file target.cif (mmCIF, C-alpha atoms, pLDDT in the B column; chains and numbers go by the auth columns)
data_work
#
loop_
_atom_site.group_PDB
_atom_site.id
_atom_site.type_symbol
_atom_site.label_atom_id
_atom_site.label_comp_id
_atom_site.label_asym_id
_atom_site.label_seq_id
_atom_site.Cartn_x
_atom_site.Cartn_y
_atom_site.Cartn_z
_atom_site.B_iso_or_equiv
_atom_site.auth_seq_id
_atom_site.auth_asym_id
ATOM 1 C CA MET A 1 9.111 2.914 -83.146 45.00 1 A
ATOM 2 C CA PRO A 2 7.736 6.280 -81.993 50.00 2 A
ATOM 3 C CA ASN A 3 6.430 8.203 -84.982 47.00 3 A
ATOM 4 C CA GLU A 4 7.983 11.622 -84.410 45.00 4 A
ATOM 5 C CA ASN A 5 10.240 13.634 -86.721 45.00 5 A
ATOM 6 C CA ARG A 6 12.017 15.984 -84.377 42.00 6 A
ATOM 7 C CA LYS A 7 14.701 15.826 -81.737 46.00 7 A
ATOM 8 C CA ARG A 8 13.112 15.851 -78.321 51.00 8 A
ATOM 9 C CA ALA A 9 13.804 18.852 -76.106 53.00 9 A
ATOM 10 C CA PRO A 10 15.627 18.206 -72.814 51.00 10 A
ATOM 11 C CA SER A 11 12.465 19.063 -70.857 68.00 11 A
ATOM 12 C CA ASP A 12 10.545 16.418 -72.844 82.00 12 A
ATOM 13 C CA GLU A 13 13.150 13.793 -72.025 89.00 13 A
ATOM 14 C CA GLN A 14 13.121 14.760 -68.350 93.00 14 A
ATOM 15 C CA THR A 15 9.326 14.591 -68.264 94.00 15 A
ATOM 16 C CA GLU A 16 9.328 11.148 -69.849 94.00 16 A
ATOM 17 C CA LEU A 17 11.836 9.922 -67.293 95.00 17 A
ATOM 18 C CA LEU A 18 9.618 11.280 -64.518 96.00 18 A
ATOM 19 C CA PHE A 19 6.623 9.595 -66.160 97.00 19 A
ATOM 20 C CA LEU A 20 8.414 6.235 -66.068 96.00 20 A
ATOM 21 C CA GLN A 21 9.348 6.834 -62.426 96.00 21 A
ATOM 22 C CA ALA A 22 5.736 7.693 -61.661 96.00 22 A
ATOM 23 C CA MET A 23 4.547 4.406 -63.180 97.00 23 A
ATOM 24 C CA LYS A 24 6.979 2.478 -60.962 95.00 24 A
ATOM 25 C CA HIS A 25 5.885 4.438 -57.882 93.00 25 A
ATOM 26 C CA MET A 26 2.214 3.812 -58.708 94.00 26 A
ATOM 27 C CA ASP A 27 2.830 0.078 -59.148 95.00 27 A
ATOM 28 C CA ALA A 28 4.625 0.001 -55.790 92.00 28 A
ATOM 29 C CA THR A 29 1.776 1.907 -54.126 91.00 29 A
ATOM 30 C CA ILE A 30 -0.793 -0.548 -55.475 92.00 30 A
ATOM 31 C CA LYS A 31 1.280 -3.447 -54.159 90.00 31 A
ATOM 32 C CA ASN A 32 1.564 -1.825 -50.719 88.00 32 A
ATOM 33 C CA LEU A 33 -2.169 -1.076 -50.589 88.00 33 A
ATOM 34 C CA LEU A 34 -2.964 -4.684 -51.465 86.00 34 A
ATOM 35 C CA MET A 35 -0.650 -5.896 -48.719 84.00 35 A
ATOM 36 C CA GLN A 36 -2.419 -3.581 -46.281 84.00 36 A
ATOM 37 C CA LEU A 37 -5.798 -5.013 -47.295 80.00 37 A
ATOM 38 C CA CYS A 38 -4.463 -8.536 -46.929 77.00 38 A
ATOM 39 C CA GLU A 39 -3.193 -7.849 -43.424 73.00 39 A
ATOM 40 C CA SER A 40 -6.537 -6.346 -42.418 70.00 40 A
ATOM 41 C CA GLN A 41 -8.341 -9.480 -43.640 65.00 41 A
ATOM 42 C CA GLY A 42 -5.749 -11.988 -42.460 62.00 42 A
ATOM 43 C CA ARG A 43 -5.299 -13.312 -45.982 61.00 43 A
ATOM 44 C CA VAL A 44 -2.620 -13.517 -48.651 58.00 44 A
ATOM 45 C CA THR A 45 -2.791 -11.377 -51.771 56.00 45 A
ATOM 46 C CA GLY A 46 -3.931 -14.138 -54.100 58.00 46 A
ATOM 47 C CA GLU A 47 -6.832 -15.004 -51.815 57.00 47 A
ATOM 48 C CA VAL A 48 -8.026 -11.415 -51.742 54.00 48 A
ATOM 49 C CA ILE A 49 -7.907 -11.043 -55.529 59.00 49 A
ATOM 50 C CA VAL A 50 -8.845 -14.501 -56.818 53.00 50 A
ATOM 51 C CA GLY A 51 -11.045 -15.563 -53.932 50.00 51 A
ATOM 52 C CA GLY A 52 -14.089 -13.726 -55.177 49.00 52 A
ATOM 53 C CA PHE A 53 -13.567 -10.478 -53.260 56.00 53 A
ATOM 54 C CA SER A 54 -15.024 -11.740 -49.996 58.00 54 A
ATOM 55 C CA GLN A 55 -15.311 -8.172 -48.785 67.00 55 A
ATOM 56 C CA LYS A 56 -16.744 -6.311 -51.757 78.00 56 A
ATOM 57 C CA GLY A 57 -16.173 -2.901 -50.254 83.00 57 A
ATOM 58 C CA PRO A 58 -14.836 0.436 -51.426 87.00 58 A
ATOM 59 C CA ALA A 59 -11.230 -0.313 -50.416 88.00 59 A
ATOM 60 C CA ILE A 60 -10.626 -3.154 -52.874 88.00 60 A
ATOM 61 C CA ALA A 61 -12.670 -1.276 -55.487 92.00 61 A
ATOM 62 C CA VAL A 62 -10.339 1.707 -55.147 93.00 62 A
ATOM 63 C CA VAL A 63 -7.259 -0.484 -55.569 92.00 63 A
ATOM 64 C CA LEU A 64 -8.683 -2.144 -58.687 93.00 64 A
ATOM 65 C CA LYS A 65 -9.511 1.260 -60.144 96.00 65 A
ATOM 66 C CA LEU A 66 -5.913 2.321 -59.522 96.00 66 A
ATOM 67 C CA VAL A 67 -4.767 -0.733 -61.495 95.00 67 A
ATOM 68 C CA GLN A 68 -6.976 0.399 -64.385 97.00 68 A
ATOM 69 C CA LEU A 69 -5.602 3.920 -64.059 97.00 69 A
ATOM 70 C CA VAL A 70 -1.951 2.887 -64.382 97.00 70 A
ATOM 71 C CA SER A 71 -2.640 0.526 -67.278 97.00 71 A
ATOM 72 C CA ASN A 72 -4.487 3.279 -69.166 97.00 72 A
ATOM 73 C CA LEU A 73 -1.688 5.772 -68.534 98.00 73 A
ATOM 74 C CA ARG A 74 0.819 3.374 -70.064 98.00 74 A
ATOM 75 C CA ALA A 75 -1.524 2.812 -73.012 98.00 75 A
ATOM 76 C CA GLY A 76 -1.778 6.561 -73.516 97.00 76 A
ATOM 77 C CA LYS A 77 1.996 6.836 -73.640 97.00 77 A
ATOM 78 C CA LEU A 78 2.174 4.181 -76.356 97.00 78 A
ATOM 79 C CA LEU A 79 -0.518 5.942 -78.375 97.00 79 A
ATOM 80 C CA ILE A 80 1.156 9.363 -78.333 96.00 80 A
ATOM 81 C CA ASP A 81 4.551 7.818 -79.106 95.00 81 A
ATOM 82 C CA HIS A 82 3.072 6.435 -82.314 95.00 82 A
ATOM 83 C CA GLY A 83 1.084 9.545 -83.233 95.00 83 A
ATOM 84 C CA TYR A 84 -2.430 8.311 -82.467 96.00 84 A
ATOM 85 C CA ILE A 85 -3.788 11.505 -80.954 94.00 85 A
ATOM 86 C CA TYR A 86 -7.469 10.696 -81.471 94.00 86 A
ATOM 87 C CA GLU A 87 -7.165 7.414 -79.588 96.00 87 A
ATOM 88 C CA LEU A 88 -5.066 9.156 -76.951 96.00 88 A
ATOM 89 C CA ARG A 89 -7.820 11.668 -76.269 94.00 89 A
ATOM 90 C CA THR A 90 -10.451 8.945 -75.902 95.00 90 A
ATOM 91 C CA THR A 91 -8.133 7.158 -73.463 96.00 91 A
ATOM 92 C CA ILE A 92 -7.672 10.380 -71.514 95.00 92 A
ATOM 93 C CA ARG A 93 -11.460 10.695 -71.182 93.00 93 A
ATOM 94 C CA MET A 94 -11.509 7.189 -69.723 94.00 94 A
ATOM 95 C CA LEU A 95 -8.694 8.150 -67.353 95.00 95 A
ATOM 96 C CA TYR A 96 -10.676 11.112 -66.044 92.00 96 A
ATOM 97 C CA GLU A 97 -13.671 8.837 -65.476 92.00 97 A
ATOM 98 C CA THR A 98 -11.505 6.415 -63.512 95.00 98 A
ATOM 99 C CA ILE A 99 -10.139 9.255 -61.398 92.00 99 A
ATOM 100 C CA GLU A 100 -13.724 10.389 -60.777 90.00 100 A
ATOM 101 C CA ASP A 101 -14.611 6.883 -59.625 94.00 101 A
ATOM 102 C CA VAL A 102 -11.702 6.756 -57.183 94.00 102 A
ATOM 103 C CA LEU A 103 -12.512 10.150 -55.677 89.00 103 A
ATOM 104 C CA PHE A 104 -16.175 9.163 -55.518 91.00 104 A
ATOM 105 C CA LEU A 105 -15.356 5.978 -53.597 92.00 105 A
ATOM 106 C CA LEU A 106 -13.038 7.871 -51.246 89.00 106 A
ATOM 107 C CA SER A 107 -15.787 10.399 -50.518 85.00 107 A
ATOM 108 C CA ARG A 108 -18.201 7.761 -49.254 79.00 108 A
ATOM 109 C CA HIS A 109 -17.975 9.112 -45.721 67.00 109 A
ATOM 110 C CA HIS A 110 -19.560 12.361 -46.992 63.00 110 A
ATOM 111 C CA ALA A 111 -22.628 10.544 -48.316 62.00 111 A
ATOM 112 C CA ASP A 112 -26.112 10.916 -46.898 62.00 112 A
ATOM 113 C CA SER A 113 -27.013 7.666 -45.152 55.00 113 A
ATOM 114 C CA LYS A 114 -30.302 7.704 -47.081 57.00 114 A
ATOM 115 C CA ASP A 115 -28.484 7.815 -50.418 69.00 115 A
ATOM 116 C CA ASP A 116 -27.450 4.385 -51.708 86.00 116 A
ATOM 117 C CA LEU A 117 -25.437 5.734 -54.663 90.00 117 A
ATOM 118 C CA HIS A 118 -22.138 4.346 -53.387 90.00 118 A
ATOM 119 C CA GLN A 119 -23.608 0.933 -52.618 89.00 119 A
ATOM 120 C CA ARG A 120 -25.282 0.768 -56.030 90.00 120 A
ATOM 121 C CA TYR A 121 -21.915 1.574 -57.588 93.00 121 A
ATOM 122 C CA LEU A 122 -20.204 -1.225 -55.634 91.00 122 A
ATOM 123 C CA ASN A 123 -22.968 -3.718 -56.441 88.00 123 A
ATOM 124 C CA SER A 124 -22.624 -3.041 -60.145 90.00 124 A
ATOM 125 C CA PHE A 125 -18.825 -2.920 -60.028 90.00 125 A
ATOM 126 C CA PHE A 126 -18.476 -6.379 -58.489 87.00 126 A
ATOM 127 C CA ALA A 127 -21.410 -8.016 -60.300 85.00 127 A
ATOM 128 C CA GLU A 128 -20.449 -11.094 -62.312 79.00 128 A
ATOM 129 C CA ASP A 129 -23.515 -10.887 -64.557 77.00 129 A
ATOM 130 C CA GLN A 130 -23.302 -7.410 -66.028 72.00 130 A
ATOM 131 C CA ASP A 131 -26.596 -7.858 -67.898 71.00 131 A
ATOM 132 C CA LYS A 132 -28.521 -7.768 -64.634 73.00 132 A
ATOM 133 C CA VAL A 133 -27.002 -4.616 -63.150 77.00 133 A
ATOM 134 C CA GLN A 134 -26.799 -0.995 -64.093 79.00 134 A
ATOM 135 C CA TYR A 135 -24.035 1.392 -63.098 81.00 135 A
ATOM 136 C CA PRO A 136 -25.081 4.676 -61.515 89.00 136 A
ATOM 137 C CA LYS A 137 -25.281 7.386 -64.155 90.00 137 A
ATOM 138 C CA ARG A 138 -22.074 9.347 -64.701 87.00 138 A
ATOM 139 C CA TYR A 139 -23.870 12.618 -64.013 86.00 139 A
ATOM 140 C CA ASP A 140 -24.999 11.267 -60.613 89.00 140 A
ATOM 141 C CA ILE A 141 -21.412 10.471 -59.634 89.00 141 A
ATOM 142 C CA ARG A 142 -20.239 13.835 -60.892 83.00 142 A
ATOM 143 C CA GLY A 143 -23.123 15.577 -59.167 83.00 143 A
ATOM 144 C CA PHE A 144 -22.158 13.999 -55.849 85.00 144 A
ATOM 145 C CA LEU A 145 -18.575 15.171 -56.264 82.00 145 A
ATOM 146 C CA LYS A 146 -19.686 18.675 -57.172 78.00 146 A
ATOM 147 C CA LYS A 147 -21.536 18.885 -53.870 78.00 147 A
ATOM 148 C CA LEU A 148 -18.124 18.774 -52.219 71.00 148 A
ATOM 149 C CA GLU A 149 -16.904 21.895 -54.014 63.00 149 A
ATOM 150 C CA ASN A 150 -17.690 24.021 -50.982 60.00 150 A
ATOM 151 C CA ASN A 151 -14.954 22.190 -49.089 54.00 151 A
ATOM 152 C CA LYS A 152 -11.617 23.892 -48.676 49.00 152 A
ATOM 153 C CA ARG A 153 -9.552 24.121 -51.849 51.00 153 A
ATOM 154 C CA ASP A 154 -6.940 21.575 -50.794 54.00 154 A
ATOM 155 C CA ASP A 155 -9.499 18.828 -50.125 55.00 155 A
ATOM 156 C CA PRO A 156 -8.373 15.870 -52.280 51.00 156 A
ATOM 157 C CA THR A 157 -12.003 14.859 -52.924 48.00 157 A
ATOM 158 C CA SER A 158 -12.850 18.168 -54.596 50.00 158 A
ATOM 159 C CA TRP A 159 -14.232 17.590 -58.089 49.00 159 A
ATOM 160 C CA GLU A 160 -13.247 21.010 -59.367 54.00 160 A
ATOM 161 C CA ASN A 161 -9.637 20.708 -58.208 51.00 161 A
ATOM 162 C CA ALA A 162 -9.146 17.229 -59.645 50.00 162 A
ATOM 163 C CA ILE A 163 -11.002 17.234 -62.944 61.00 163 A
ATOM 164 C CA GLY A 164 -12.252 20.671 -63.983 56.00 164 A
ATOM 165 C CA GLY A 165 -13.826 21.095 -67.403 63.00 165 A
ATOM 166 C CA LEU A 166 -11.478 18.771 -69.309 72.00 166 A
ATOM 167 C CA TYR A 167 -13.932 15.883 -69.339 74.00 167 A
ATOM 168 C CA ARG A 168 -16.317 17.604 -71.744 76.00 168 A
ATOM 169 C CA PHE A 169 -13.524 18.361 -74.212 80.00 169 A
ATOM 170 C CA HIS A 170 -12.382 14.739 -74.387 85.00 170 A
ATOM 171 C CA SER A 171 -15.966 13.545 -74.684 86.00 171 A
ATOM 172 C CA GLN A 172 -16.007 15.080 -78.170 88.00 172 A
ATOM 173 C CA TYR A 173 -13.465 12.436 -79.227 90.00 173 A
ATOM 174 C CA VAL A 174 -15.381 9.592 -77.602 90.00 174 A
ATOM 175 C CA HIS A 175 -18.611 10.604 -79.365 91.00 175 A
ATOM 176 C CA GLY A 176 -16.881 11.210 -82.696 91.00 176 A
ATOM 177 C CA ARG A 177 -17.651 14.887 -83.216 92.00 177 A
ATOM 178 C CA ALA A 178 -16.755 16.168 -86.689 95.00 178 A
ATOM 179 C CA THR A 179 -14.417 18.868 -85.386 90.00 179 A
ATOM 180 C CA ARG A 180 -12.366 16.286 -83.511 92.00 180 A
ATOM 181 C CA ILE A 181 -12.193 13.878 -86.459 93.00 181 A
ATOM 182 C CA MET A 182 -10.891 16.801 -88.501 94.00 182 A
ATOM 183 C CA ASP A 183 -7.902 16.906 -86.164 90.00 183 A
ATOM 184 C CA LEU A 184 -6.623 14.000 -88.260 93.00 184 A
ATOM 185 C CA TYR A 185 -6.737 16.004 -91.493 93.00 185 A
ATOM 186 C CA ASP A 186 -3.476 17.184 -93.064 92.00 186 A
ATOM 187 C CA SER A 187 -4.317 20.240 -95.180 92.00 187 A
ATOM 188 C CA LYS A 188 -0.821 20.387 -96.697 91.00 188 A
ATOM 189 C CA LYS A 189 -1.106 16.892 -98.180 93.00 189 A
ATOM 190 C CA ASP A 190 -4.917 16.904 -98.472 96.00 190 A
ATOM 191 C CA ARG A 191 -5.381 13.610 -96.661 95.00 191 A
ATOM 192 C CA PHE A 192 -6.458 12.146 -93.346 95.00 192 A
ATOM 193 C CA ARG A 193 -3.692 10.776 -91.142 94.00 193 A
ATOM 194 C CA THR A 194 -5.169 7.442 -90.067 94.00 194 A
ATOM 195 C CA ALA A 195 -1.822 5.697 -89.518 94.00 195 A
ATOM 196 C CA GLY A 196 -0.488 8.067 -86.890 93.00 196 A
ATOM 197 C CA ILE A 197 0.582 11.704 -87.062 93.00 197 A
ATOM 198 C CA ASN A 198 4.210 12.502 -87.816 88.00 198 A
ATOM 199 C CA ASP A 199 4.319 16.125 -86.703 87.00 199 A
ATOM 200 C CA GLY A 200 6.495 16.798 -83.685 85.00 200 A
ATOM 201 C CA GLU A 201 5.100 20.208 -82.741 85.00 201 A
ATOM 202 C CA TYR A 202 1.500 19.044 -83.132 86.00 202 A
ATOM 203 C CA LEU A 203 2.140 15.930 -81.069 91.00 203 A
ATOM 204 C CA ALA A 204 3.766 18.044 -78.356 90.00 204 A
ATOM 205 C CA GLN A 205 0.442 19.824 -77.791 88.00 205 A
ATOM 206 C CA HIS A 206 -1.388 16.543 -77.332 91.00 206 A
ATOM 207 C CA ARG A 207 1.384 15.045 -75.216 93.00 207 A
ATOM 208 C CA LYS A 208 0.700 17.777 -72.659 93.00 208 A
ATOM 209 C CA GLY A 209 -2.826 16.403 -72.367 92.00 209 A
ATOM 210 C CA LEU A 210 -1.329 13.094 -71.257 95.00 210 A
ATOM 211 C CA TRP A 211 1.061 14.811 -68.872 95.00 211 A
ATOM 212 C CA LEU A 212 -1.834 16.728 -67.321 92.00 212 A
ATOM 213 C CA VAL A 213 -3.979 13.670 -66.653 93.00 213 A
ATOM 214 C CA CYS A 214 -0.879 11.904 -65.297 95.00 214 A
ATOM 215 C CA PHE A 215 -0.460 14.780 -62.847 93.00 215 A
ATOM 216 C CA VAL A 216 -4.119 14.459 -61.787 90.00 216 A
ATOM 217 C CA ALA A 217 -3.576 10.711 -61.384 94.00 217 A
ATOM 218 C CA MET A 218 -0.682 11.442 -58.998 93.00 218 A
ATOM 219 C CA TYR A 219 -3.028 13.723 -57.079 87.00 219 A
ATOM 220 C CA CYS A 220 -5.484 10.829 -56.970 90.00 220 A
ATOM 221 C CA PHE A 221 -2.829 8.425 -55.647 92.00 221 A
ATOM 222 C CA ALA A 222 -1.899 10.947 -52.958 90.00 222 A
ATOM 223 C CA ALA A 223 -5.542 11.138 -51.872 88.00 223 A
ATOM 224 C CA VAL A 224 -5.830 7.343 -51.772 91.00 224 A
ATOM 225 C CA ARG A 225 -2.706 6.862 -49.718 87.00 225 A
ATOM 226 C CA ALA A 226 -3.872 9.537 -47.306 87.00 226 A
ATOM 227 C CA ALA A 227 -7.213 7.769 -46.920 87.00 227 A
ATOM 228 C CA PHE A 228 -5.629 4.335 -46.436 85.00 228 A
ATOM 229 C CA LYS A 229 -2.763 5.346 -44.208 77.00 229 A
ATOM 230 C CA GLY A 230 -4.149 8.426 -42.473 71.00 230 A
ATOM 231 C CA GLU A 231 -1.272 10.680 -43.487 68.00 231 A
ATOM 232 C CA ASP A 232 -1.133 14.180 -44.949 66.00 232 A
ATOM 233 C CA TRP A 233 -2.075 13.797 -48.608 60.00 233 A
ATOM 234 C CA LYS A 234 0.395 16.532 -49.551 61.00 234 A
ATOM 235 C CA SER A 235 3.327 14.239 -48.857 71.00 235 A
ATOM 236 C CA ASP A 236 6.134 12.893 -51.021 82.00 236 A
ATOM 237 C CA ILE A 237 3.711 11.946 -53.820 84.00 237 A
ATOM 238 C CA TRP A 238 2.498 15.521 -54.046 82.00 238 A
ATOM 239 C CA ALA A 239 6.061 16.844 -54.075 85.00 239 A
ATOM 240 C CA PHE A 240 6.862 14.502 -56.975 91.00 240 A
ATOM 241 C CA ALA A 241 3.674 15.598 -58.757 90.00 241 A
ATOM 242 C CA GLU A 242 4.634 19.270 -58.442 89.00 242 A
ATOM 243 C CA ARG A 243 8.058 18.522 -59.908 92.00 243 A
ATOM 244 C CA PHE A 244 6.439 16.611 -62.778 94.00 244 A
ATOM 245 C CA PHE A 245 3.965 19.446 -63.441 91.00 245 A
ATOM 246 C CA GLU A 246 6.702 22.066 -63.645 92.00 246 A
ATOM 247 C CA THR A 247 9.052 19.926 -65.776 93.00 247 A
ATOM 248 C CA ALA A 248 6.241 19.169 -68.232 92.00 248 A
ATOM 249 C CA GLY A 249 5.684 22.902 -68.744 89.00 249 A
ATOM 250 C CA LEU A 250 2.043 22.800 -67.670 86.00 250 A
ATOM 251 C CA GLY A 251 2.151 26.228 -66.041 76.00 251 A
ATOM 252 C CA ALA A 252 1.795 27.174 -62.403 64.00 252 A
ATOM 253 C CA VAL A 253 1.193 24.272 -60.043 66.00 253 A
ATOM 254 C CA PRO A 254 -2.430 24.361 -58.771 64.00 254 A
ATOM 255 C CA ASP A 255 -2.872 25.260 -55.113 58.00 255 A
#

call {"tool": "encode", "arguments": {"input": "target.cif", "output": "structure tokens"}}
result
Amino acid sequence: MPNENRKRAPSDEQTELLFLQAMKHMDATIKNLLMQLCESQGRVTGEVIVGGFSQKGPAIAVVLKLVQLVSNLRAGKLLIDHGYIYELRTTIRMLYETIEDVLFLLSRHHADSKDDLHQRYLNSFFAEDQDKVQYPKRYDIRGFLKKLENNKRDDPTSWENAIGGLYRFHSQYVHGRATRIMDLYDSKKDRFRTAGINDGEYLAQHRKGLWLVCFVAMYCFAAVRAAFKGEDWKSDIWAFAERFFETAGLGAVPD
């Protein structure tokens, strides 16, 4: 059972309901994108997925990354419900990396034809023998995205709009920095809380970290659907994301 000792505020309950709705919408979007890929290849879904990815391109890579994204979001929800804030923060770092990867793949049309960064990413992503390949460095992917910062503010591929400086903060959890491990210390009882934290107000602060990355994930889904279907990315997904952002008490919705 969730390890929390306070009655949830109405806004928390509303946000959680929206979170569950978002997961269903994301699952449905993934299914629709897969169907679109199948139609374009004249194949059924199982053939596209199990058949060895005959077309190992950015489209199927994006869809698979979205699958990872939704699974990690659900995992994050389980972790915060049981008070595991340290593990939540490491999961959030992974979520931001996945969002980076999706935006990076979507931005392929901005790449210099002489730069094989995207192709190297795809080669390593689909490789069956991971010992013989090497992913592009994270700072190379991030550097490519940062080059797009001069685009207009509402460009869905903009690194600064989508991720910001949150990645570095969550990296402290991944690398086990002392200050982040000390987040588990309970000074009142003089002990480390290694079996989950049972402090409603404290958990509420960390829950907002999950809500924020969920909002960015919605942004990511909007960008993907726009790229696949050629529609305005600020569509119904973005409207839902704005509602989620406001209900979660995350402040003013970004432009």

call {"tool": "resolve_selection", "arguments": {"input": "target.cif", "expression": "the PyMOL selection byres ((chain A and resi 210) around 10)", "output": "list in words"}}
result
Leu73, Gly76, Lys77, Ile80, Leu88, Arg89, Thr91, Ile92, Leu95, Gln205, His206, Arg207, Lys208, Gly209, Trp211, Leu212, Val213, Cys214, Phe215 and Val216 of chain A

call {"tool": "atom_distance", "arguments": {"input": "target.cif", "atom1": "atom CA of Ala227 of chain A", "atom2": "atom CA of Phe125 of chain A"}}
result
20.5 Å

call {"tool": "closest_residue", "arguments": {"input": "target.cif", "among": "A:Ala127, A:Leu79, A:Leu17, A:Tyr86", "to": "Arg177 of chain A", "atoms": "only C-alpha atoms"}}
result
A:Tyr86

call {"tool": "resolve_selection", "arguments": {"input": "target.cif", "expression": "the PyMOL selection byres ((chain A and resi 219) around 8)", "output": "PyMOL selection string"}}
result
chain A and resi 156+162+215-218+220-223+237-238+241

call {"tool": "resolve_selection", "arguments": {"input": "target.cif", "expression": "the PyMOL selection byres ((chain A and resi 97) around 10)", "output": "list in words"}}
result
Leu69, Thr91, Ile92, Arg93, Met94, Leu95, Tyr96, Thr98, Ile99, Glu100, Asp101, Val102, Leu103, Arg138, Ile141, Arg142, Ile163 and Tyr167 of chain A

call {"tool": "residues_near_point", "arguments": {"input": "target.cif", "point": "(12.1, 17.6, -64.1)", "cutoff": "6 Å", "atoms": "only C-alpha atoms", "output": "ChimeraX atom specification"}}
result
/A:14-15,243-244,247

call {"tool": "closest_residue", "arguments": {"input": "target.cif", "among": "A:Gly57, A:Glu201, A:Lys24, A:Gly196", "to": "Leu78 of chain A", "atoms": "only C-alpha atoms"}}
result
A:Gly196

call {"tool": "closest_residue", "arguments": {"input": "target.cif", "among": "A:Phe228, A:Phe144, A:Phe245, A:Tyr84", "to": "Ala195 of chain A", "atoms": "all atoms listed in the file"}}
result
A:Tyr84

call {"tool": "atom_distance", "arguments": {"input": "target.cif", "atom1": "atom CA of Gln36 of chain A", "atom2": "atom CA of Val62 of chain A"}}
result
13.0 Å

call {"tool": "atom_distance", "arguments": {"input": "target.cif", "atom1": "atom CA of Leu20 of chain A", "atom2": "atom CA of Leu64 of chain A"}}
result
20.4 Å

call {"tool": "closest_residue", "arguments": {"input": "target.cif", "among": "A:Gln172, A:Asn198, A:Met26, A:Val224", "to": "Leu105 of chain A", "atoms": "only C-alpha atoms"}}
result
A:Val224

call {"tool": "residues_around", "arguments": {"input": "target.cif", "residues": "Leu184 of chain A", "least_positions_apart": "6", "cutoff": "8 Å", "atoms": "only C-alpha atoms", "output": "PyMOL selection string"}}
result
chain A and resi 86+192-194+197

call {"tool": "write_last_selection", "arguments": {"input": "target.cif", "atoms": "C-alpha atoms", "output": "PDB file, in the coordinates of the input"}}
result
ATOM      1  CA  TYR A  86      -7.469  10.696 -81.471  1.00 94.00           C
ATOM      2  CA  PHE A 192      -6.458  12.146 -93.346  1.00 95.00           C
ATOM      3  CA  ARG A 193      -3.692  10.776 -91.142  1.00 94.00           C
ATOM      4  CA  THR A 194      -5.169   7.442 -90.067  1.00 94.00           C
ATOM      5  CA  ILE A 197       0.582  11.704 -87.062  1.00 93.00           C
TER       6      ILE A 197
END

call {"tool": "axis_aligned_box", "arguments": {"input": "target.cif", "around": "segment 18-26 of chain A", "padding_each_side": "3 Å", "output": "lines of an AutoDock Vina configuration file"}}
result
center_x = 5.9
center_y = 6.9
center_z = -62.0
size_x = 13.4
size_y = 14.8
size_z = 14.3

call {"tool": "residues_near_point", "arguments": {"input": "target.cif", "point": "(-3.1, 0.9, -62.7)", "cutoff": "10 Å", "atoms": "only C-alpha atoms", "output": "PyMOL selection string"}}
result
chain A and resi 23+26-27+29-30+63-74+217

call {"tool": "closest_residue", "arguments": {"input": "target.cif", "among": "A:Ser40, A:Asn32, A:Ser124, A:Thr90", "to": "Arg168 of chain A", "atoms": "all atoms listed in the file"}}
result
A:Thr90

call {"tool": "closest_residue", "arguments": {"input": "target.cif", "among": "A:Tyr121, A:Phe104, A:Ala61, A:His170", "to": "Gly143 of chain A", "atoms": "all atoms listed in the file"}}
result
A:Phe104

call {"tool": "build_atoms", "arguments": {"input": "target.cif", "residues": "segment 237-248 of chain A", "atoms": "N, CA and C atoms", "output": "PDB file, in the frame of the given file"}}
result
ATOM      1  N   ILE A 237       4.343  12.099 -52.513  1.00 84.00           N
ATOM      2  CA  ILE A 237       3.711  11.946 -53.820  1.00 84.00           C
ATOM      3  C   ILE A 237       3.382  13.312 -54.405  1.00 84.00           C
ATOM      4  N   TRP A 238       2.861  14.183 -53.559  1.00 82.00           N
ATOM      5  CA  TRP A 238       2.498  15.521 -54.046  1.00 82.00           C
ATOM      6  C   TRP A 238       3.741  16.302 -54.450  1.00 82.00           C
ATOM      7  N   ALA A 239       4.815  16.153 -53.715  1.00 85.00           N
ATOM      8  CA  ALA A 239       6.061  16.844 -54.075  1.00 85.00           C
ATOM      9  C   ALA A 239       6.557  16.366 -55.439  1.00 85.00           C
ATOM     10  N   PHE A 240       6.475  15.061 -55.677  1.00 91.00           N
ATOM     11  CA  PHE A 240       6.862  14.502 -56.975  1.00 91.00           C
ATOM     12  C   PHE A 240       5.944  15.035 -58.068  1.00 91.00           C
ATOM     13  N   ALA A 241       4.646  15.115 -57.774  1.00 90.00           N
ATOM     14  CA  ALA A 241       3.674  15.598 -58.757  1.00 90.00           C
ATOM     15  C   ALA A 241       3.961  17.055 -59.131  1.00 90.00           C
ATOM     16  N   GLU A 242       4.301  17.871 -58.162  1.00 89.00           N
ATOM     17  CA  GLU A 242       4.634  19.270 -58.442  1.00 89.00           C
ATOM     18  C   GLU A 242       5.857  19.364 -59.351  1.00 89.00           C
ATOM     19  N   ARG A 243       6.859  18.535 -59.067  1.00 92.00           N
ATOM     20  CA  ARG A 243       8.058  18.522 -59.908  1.00 92.00           C
ATOM     21  C   ARG A 243       7.711  18.099 -61.333  1.00 92.00           C
ATOM     22  N   PHE A 244       6.868  17.086 -61.466  1.00 94.00           N
ATOM     23  CA  PHE A 244       6.439  16.611 -62.778  1.00 94.00           C
ATOM     24  C   PHE A 244       5.696  17.717 -63.522  1.00 94.00           C
ATOM     25  N   PHE A 245       4.781  18.391 -62.846  1.00 91.00           N
ATOM     26  CA  PHE A 245       3.965  19.446 -63.441  1.00 91.00           C
ATOM     27  C   PHE A 245       4.839  20.562 -64.003  1.00 91.00           C
ATOM     28  N   GLU A 246       5.815  20.974 -63.226  1.00 92.00           N
ATOM     29  CA  GLU A 246       6.702  22.066 -63.645  1.00 92.00           C
ATOM     30  C   GLU A 246       7.610  21.629 -64.796  1.00 92.00           C
ATOM     31  N   THR A 247       8.163  20.415 -64.720  1.00 93.00           N
ATOM     32  CA  THR A 247       9.052  19.926 -65.776  1.00 93.00           C
ATOM     33  C   THR A 247       8.312  19.772 -67.092  1.00 93.00           C
ATOM     34  N   ALA A 248       7.035  19.365 -67.020  1.00 92.00           N
ATOM     35  CA  ALA A 248       6.241  19.169 -68.232  1.00 92.00           C
ATOM     36  C   ALA A 248       5.792  20.473 -68.859  1.00 92.00           C
TER      37      ALA A 248
END
